[in-house]
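Notes follow the structure.
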4 protein chains.
Amino acid sequence: MTYGLTGLARGWVEPRGIVTAAEAFRDLDLAPYGRFVTGGWDVSARPMSDTVAGLVAERVLDADLVAAASIEAAGHEARLRPGILDGPAVGGSNLDPEAARRGSLSPRAKIEALVADLVEFQSEHGLERVVVVDVSSTEAFRDDLDENPDLASLAALDAALDRSESSEPQEGSDGHHLPASVLYAYASFAAGASFVEFTPNSGSSSPALRELALREGVPHCGNDGKTGETLFKTALAPMFAARQLQVLTWQAYNMLGNGDGAVLQNPAHREGKLRNKDKVLHEFLGEHHSHVAIDFVPSLGDWKTAMDFVHFEGFLGARMSMQITWSGCDSALAAPLAIDLARLCDCAARAGEAGEMPHTAPFFKSPMSGGTHDFHAQHSALLAYAKKHAKS
Amino acid sequence: MTYGLTGLARGWVEPRGIVTAAEAFRDLDLAPYGRFVTGGWDVSARPMSDTVAGLVAERVLDADLVAAASIEAAGHEARLRPGILDGPAVGGSNLDPEAARRGSLSPRAKIEALVADLVEFQSEHGLERVVVVDVSSTEAFRDDLDENPDLASLAALDAALDRSESSEPQEGSDGHHLPASVLYAYASFAAGASFVEFTPNSGSSSPALRELALREGVPHCGNDGKTGETLFKTALAPMFAARQLQVLTWQAYNMLGNGDGAVLQNPAHREGKLRNKDKVLHEFLGEHHSHVAIDFVPSLGDWKTAMDFVHFEGFLGARMSMQITWSGCDSALAAPLAIDLARLCDCAARAGEAGEMPHTAPFFKSPMSGGTHDFHAQHSALLAYAKKHAKS
Amino acid sequence: MTYGLTGLARGWVEPRGIVTAAEAFRDLDLAPYGRFVTGGWDVSARPMSDTVAGLVAERVLDADLVAAASIEAAGHEARLRPGILDGPAVGGSNLDPEAARRGSLSPRAKIEALVADLVEFQSEHGLERVVVVDVSSTEAFRDDLDENPDLASLAALDAALDRSESSEPQEGSDGHHLPASVLYAYASFAAGASFVEFTPNSGSSSPALRELALREGVPHCGNDGKTGETLFKTALAPMFAARQLQVLTWQAYNMLGNGDGAVLQNPAHREGKLRNKDKVLHEFLGEHHSHVAIDFVPSLGDWKTAMDFVHFEGFLGARMSMQITWSGCDSALAAPLAIDLARLCDCAARAGEAGEMPHTAPFFKSPMSGGTHDFHAQHSALLAYAKKHAKS
Amino acid sequence: MTYGLTGLARGWVEPRGIVTAAEAFRDLDLAPYGRFVTGGWDVSARPMSDTVAGLVAERVLDADLVAAASIEAAGHEARLRPGILDGPAVGGSNLDPEAARRGSLSPRAKIEALVADLVEFQSEHGLERVVVVDVSSTEAFRDDLDENPDLASLAALDAALDRSESSEPQEGSDGHHLPASVLYAYASFAAGASFVEFTPNSGSSSPALRELALREGVPHCGNDGKTGETLFKTALAPMFAARQLQVLTWQAYNMLGNGDGAVLQNPAHREGKLRNKDKVLHEFLGEHHSHVAIDFVPSLGDWKTAMDFVHFEGFLGARMSMQITWSGCDSALAAPLAIDLARLCDCAARAGEAGEMPHTAPFFKSPMSGGTHDFHAQHSALLAYAKKHAKS
């Protein structure tokens, strides 16, 4: 993102894939690309230059851009802090030792560490506002998260966090078991930062966190960036519904090659992702057979290929089909949306808006308060927001 | 259509593919399926049973439905009248001799014969209103039709028709050269019938005919039913635009096996079709490379297969692709739309509406007064119409 | 198959998909289609007319052919006997009560009942030879079948069968646990009939059964008809190998709608099928990532759709892809191969050949003694066999 | 090719896509990659570095390889000579002035200039043998080339060349109208060099040139490298034939983005290419409908996408389909084959073989003396050649 923002700010890169670069957003009070200072948390000890080299080798990042933006990239890397892990199971082989140490803190202490990082980051760089975007790996799906009583209200959450101070981990259902994404969201709101949940993680979507966002007066949105297969699915499914063509079956086969794909090989992690991808259709298509698979295909690297098969019935029982193959670059599809969401959060915060941001629904597989999964209806609502909030 | 309407009226057939069967149209004053009496004009001497046998063999029509609706089908066949040809070139080998005779009449005389057919049809069956739907083959594309001075106003058209009375065919630019579809539309309006141009033909889309429709107080719509490849194109292209993904290339390869495909082998006939299919994208996608091919593939029979390849560019220049294969049954996709349009025309006529029907835009590749090609925007406008005109 | 054979014998049906109908087999001593009398075993109480009605509704079987061959079909149904089940788990809801009774017999008694059926069938219809073709559902995969000591030799198998006479079922590793397909193969050989294992079941492929076939002097072949996805895979993969194009990944997504698909929803049953489908590539492609999925898609009925994605690397590291979508009718692909194999078995038996039939390798996903999975090499070997055994 | 050969010789690049790198060719007396010295003729004044920069930008050539092999590349560029044009129509905007001057020479004088280049190249670099590979653009298709009396025998060709000495261009059917590829082949043979016709051009395929090759004792082969769509077509079509599945239709839609594609926009140039691509199927598939389209899609650059649709009929008239999408990099597919053919030519020349090289059939869309288009049969013949000519 640092490369992208630098490239955009300097005019080296065209704003392809950046929704808010469209004419319709010209009068919305969005921060220019060059005004952003990036930083972050990382749980891995792998130097950023390794990741970058990989993306250059895969031809996602241009070597010239990497060279030209090297100072900005070095600055970004210097601004990285050790992250906190989501449970002992996740992480892999190359953990940052300080991240490992932070992982052993109590939940409250973790939150405090994150808040301190945010406050320091903001003051050090003289920033007016901060936006936190969760682009971490998909956390293990916890069946009962939606009904987790500890996340049902802010009071319940605070109580759970308090209990965990005086108990040992593993002793039952208390704050020790809260996903990392919940702690990040909590810390962001506590520090007055807005929050974007770009993954299927719980993040700020629970009643407890929504309450906290309102109390702290910060805007937030999520979940799970709609970058590829779900994007075209929610653009196409309304067409079948509008035409009264009965979809009998929608099979979706997703192949991923990057770290995301590797994490999703773990069934617990895959579950959260699949839920978001599958449930979007039920709003439009009524009773039908659907199946979503996500397979790890290492040779694809940062590329994703999705093959969807739609079987539908028309007049007089005619059975017809539509097949779609989507071949996209994950980073190139996701990065501009993260930039869009950071700008929209910042814009909302400046305007004093707090809580969920329904106009961000087109960006998410599982919009926190979107109303519909129909991409076109979502996008119309976003345009209406832009029009309503235009600078006069 | 007789089979379909009979099947729907009796409840043997589910209203798949019928847009107006959706809940949203429940309060619109639409005629029930069983109230329609079908008839038509035909230029071919081929008995309808041959065509039906072909569709049964291809498994488009169900043999049981054909048997059950045989009385209605016989009635329909008895109500057919000889049609008029679009110039000597078109038609093929098996012309109805009476249609051939009618073909030698002057344009005015042709119109009168068609009006007489309509008047007789209406009175014989005691019908309140008549809707004419043009589902004939694509006429040869006449380059200058859009700028044909004879179609520029009703006065000019009437003058051309008058001139042709006193001249011999082939003597220059007069009524002899008017496409058959124009004469059908003229006759329909003259008889007070509404008119649906379901093909790429000129039909009622010229200024002259639009004027006539207003003078006679009848509603009409067109052109060119949006049944397959153009349908999904206009549902998908707005997604790329909304996401600021730059479409570089959109290649569309259409394969057709039925009579339509055979006629479209003729480049002059193909031209009209291709224009409508290609131009829909330019509204959304700006500068890009596009190509539409239509090939006749006899083995497909009544089925159509379209293979589209979309090449697009995202953030940091990443070049990605989307490929779509659509395999549909032409009759099963077109017939319900023709039923929808007949119901909507009838409904508009009953309500005293006259002239073009902008709310029918989602049904057409080249909507007469549609404004946008965006399928979702068009469909939203249709829903708004249904809401506004709901019976209280 | 009765319909197909009748249609072929009468000349109503063209021999599409019948390999042995090719010119190259003209001089091989193959029985004409009209000389076959069909019969069979069935574990289901569902009348055949139900199945046939389903295939007619799905337009796999032509209603005219069904009507014309109704006498032959009735004869076939009259010749059906109750089958034996593969363990208590399999079967479904509508079991033939006599099949259920047979299921409680000891393994030896099951074999005797099957042998008696065969002997009676042969004598009643005055048949020279009998060929048994296993087209039952895929049995549950038993991990250790390949290494099952009871199937390691004929002596071991006979000993196991003897032990099971004097023991109760469920008491350990004895004949009670032998798959039904093994008992069918045993009975066939004991009755002097040749045997075709058209499914992934164990059938006659174990050392014990191979020994029995040689002792009884009967030819046999298997396993698992190569009808669709594996067919084109084994035709295409050698091309990549020949061109030294390194396949990185071969993903195969199979969608099935018929009873086969329903049974394969059960992971144990799916396992056997997947093994055969996946392992064919390793011969050609060396180290690569591959994945085969089989999903049940009820709306497809007797149709199968397979979507394969091949990712490969060429010169200078260029990463390229090939994608294949196959849409086939299961019965129409399998039935002619079953006819081919019955003819080839009969021909081999008449010529006094015994044991495995390596020339049948192109028909199978997992050929019993094929040497290679290369479809073209397999077919060349079949042609060479036909040439060598031509009637002079 | 210089980059590829250098990379291979130094071991920087794996021999992906190089057929002769397979184990089966280990004992054939093939020259190692490092023994080749490359040179060539060029009609364009565009510096090679421009082309290379384009391929690097498109990520076909690796920037590191380009840097590492820069000395070899500079050497290659220094060894380039001005080429001769195929008629005044071809060429484009950026002609080498010396190539333009050579274009005005008489055919004999052109041949002499080319021979002189070859002799000098060979002596200057102390080469044992020279192989000329035609990788120029597709020449305009000349309907009557197959029956051109001037190419019917060497005597006729020499007479035509003589006549053209004493006449002015454009005066009728003489040597002035011979395609450039014929003159290159003539010059190669006259200089004792072997010749590979890698394009659809006439090259060495006419009776006259075949005669000359035999007289001069040099091996040669062609025409038209089989790199993509035709490759998989000739690997798959035999499968349908072997299985007696009746192909009804084979539609092939080719999209190309490089200079090749631009030249093929010209219908005359496209014709030659299409002929080779289409005729390969008729050997296997008997009567069927086929169509091959080649469209220029600039955004694809050096990449090619082909979408094929195969409609076929199986048992009981079931109509099924197979669809293939191939996405390949033209240079990465063609370059290794050119290396293979240079090595095979050189090997044949060293062994004293002269005339056509039937074992090279798998490399060509239109093999000069291949016998069959069946890729697998062709490859088997190549393997047999390698075995027979193995060094003992």
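Scheme for the structure tokens: letters A, B, ... for chains in order shown; per-chain residue numbers from 1; ligand numbers from 1 in order shown.
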
Fill in: Interface residues on chain A facing chain D, 12 Å, only C-alpha atoms, written as a PyMOL selection string
chain A and resi 56-64+323-325+327

Discussion item. Give me, as number ranges by chain, all polymer residues having an atom no more than 10 Å from Glu283 (chain D), counting only C-alpha atoms and skipping those fewer than 2 positions away in the same chain.
Written reply: D: 237-238, 241, 279-281, 285-287, 372-374

Practice prompt. Do a neighbour search on Ser204 (chain D) at 8 Å with only C-alpha atoms, toss out local chain neighbours closer than 3 positions, and write the hits as an MDAnalysis selection string.
Written response: chainID D and resid 181:182 185:186 195 197 209:210 220:222

For the selection you just gave me, I'd like the residues written to a file as a short mmCIF file (atom, residue, chain, number, x, y, z; two decimals), in the first residue's frame, keeping C-alpha atoms.
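Written output follows (result-v7.cif):
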data_model
loop_
_atom_site.label_atom_id
_atom_site.label_comp_id
_atom_site.auth_asym_id
_atom_site.auth_seq_id
_atom_site.Cartn_x
_atom_site.Cartn_y
_atom_site.Cartn_z
CA SER D 181 10.37 -16.81 -48.16
CA VAL D 182 11.06 -18.70 -51.38
CA ALA D 185 14.97 -20.88 -48.84
CA TYR D 186 16.70 -20.82 -52.24
CA PHE D 195 16.18 -24.37 -43.60
CA GLU D 197 10.00 -22.73 -42.35
CA LEU D 209 12.69 -26.02 -53.48
CA ARG D 210 12.38 -29.63 -52.38
CA HIS D 220 14.85 -28.84 -44.32
CA CYS D 221 11.43 -28.83 -42.69
CA GLY D 222 8.21 -26.85 -42.18
#

Worksheet entry | Residues of region 105-307 of chain A in strand (DSSP E), written as a PyMOL selection string | chain A and resi 131-134+194-197+219-222+246-256+289-296+303-307

Selection from above, C-alpha atoms, as a tab-separated table (two decimals), in the first residue's frame, can you write it?
chain	number	residue	atom	x	y	z
A	131	VAL	CA	-7.53	4.66	10.46
A	132	VAL	CA	-6.74	1.05	11.31
A	133	VAL	CA	-7.32	-1.48	8.52
A	134	ASP	CA	-7.27	-5.18	9.43
A	194	SER	CA	-11.54	4.43	13.03
A	195	PHE	CA	-11.40	0.78	11.99
A	196	VAL	CA	-11.87	-1.20	8.79
A	197	GLU	CA	-12.33	-4.97	9.05
A	219	PRO	CA	-16.77	5.44	12.32
A	220	HIS	CA	-15.98	1.85	11.34
A	221	CYS	CA	-16.90	-0.69	8.68
A	222	GLY	CA	-16.48	-4.29	7.46
A	246	GLN	CA	-34.62	-19.94	-11.42
A	247	VAL	CA	-31.05	-20.66	-10.40
A	248	LEU	CA	-30.90	-24.36	-9.58
A	249	THR	CA	-27.24	-24.57	-8.68
A	250	TRP	CA	-24.35	-22.16	-8.17
A	251	GLN	CA	-21.02	-23.90	-7.76
A	252	ALA	CA	-17.99	-21.75	-7.02
A	253	TYR	CA	-14.47	-23.12	-7.17
A	254	ASN	CA	-11.83	-20.72	-5.88
A	255	MET	CA	-8.13	-21.31	-6.30
A	256	LEU	CA	-5.63	-19.17	-4.38
A	289	HIS	CA	-28.12	-25.75	-4.41
A	290	SER	CA	-24.86	-23.96	-3.85
A	291	HIS	CA	-21.33	-24.91	-3.02
A	292	VAL	CA	-18.22	-22.83	-2.47
A	293	ALA	CA	-14.78	-24.40	-2.41
A	294	ILE	CA	-11.48	-22.66	-1.73
A	295	ASP	CA	-8.38	-24.58	-2.69
A	296	PHE	CA	-4.77	-23.69	-2.18
A	303	TRP	CA	-3.17	-14.71	-8.44
A	304	LYS	CA	-6.61	-16.13	-7.89
A	305	THR	CA	-8.67	-18.09	-10.34
A	306	ALA	CA	-12.32	-18.71	-9.69
A	307	MET	CA	-14.50	-20.95	-11.84

Worksheet item: CA of Arg343 (chain B) to CA of Val37 (chain B): how many Å, to one decimal?
Response: 12.3 Å

Worksheet item: If you count only C-alpha atoms, which residues fall within 7 Å of region 223-235 of chain A, apart from same-chain ones fewer than 5 positions away, as JSON, numbers by chain?
Response: {"A": [197, 198, 199, 200, 277, 306, 333, 334, 363, 364, 365, 366, 367, 368, 373, 374, 375, 376], "B": [235, 236, 239]}

Discussion item. Residues of region 23-197 of chain C classed as alpha helix (DSSP H) by DSSP on the backbone are to be reported as number ranges by chain.
Written reply: C: 48-57, 63-68, 70-78, 97-103, 107-124, 154-165, 180-190

Item to complete: State, in Å with one decimal place, the distance from CA of Pro32 (chain D) to CA of Thr20 (chain D).
Response: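 Value for the CA of Pro32 (chain D)-CA of Thr20 (chain D) distance: 10.8 Å.
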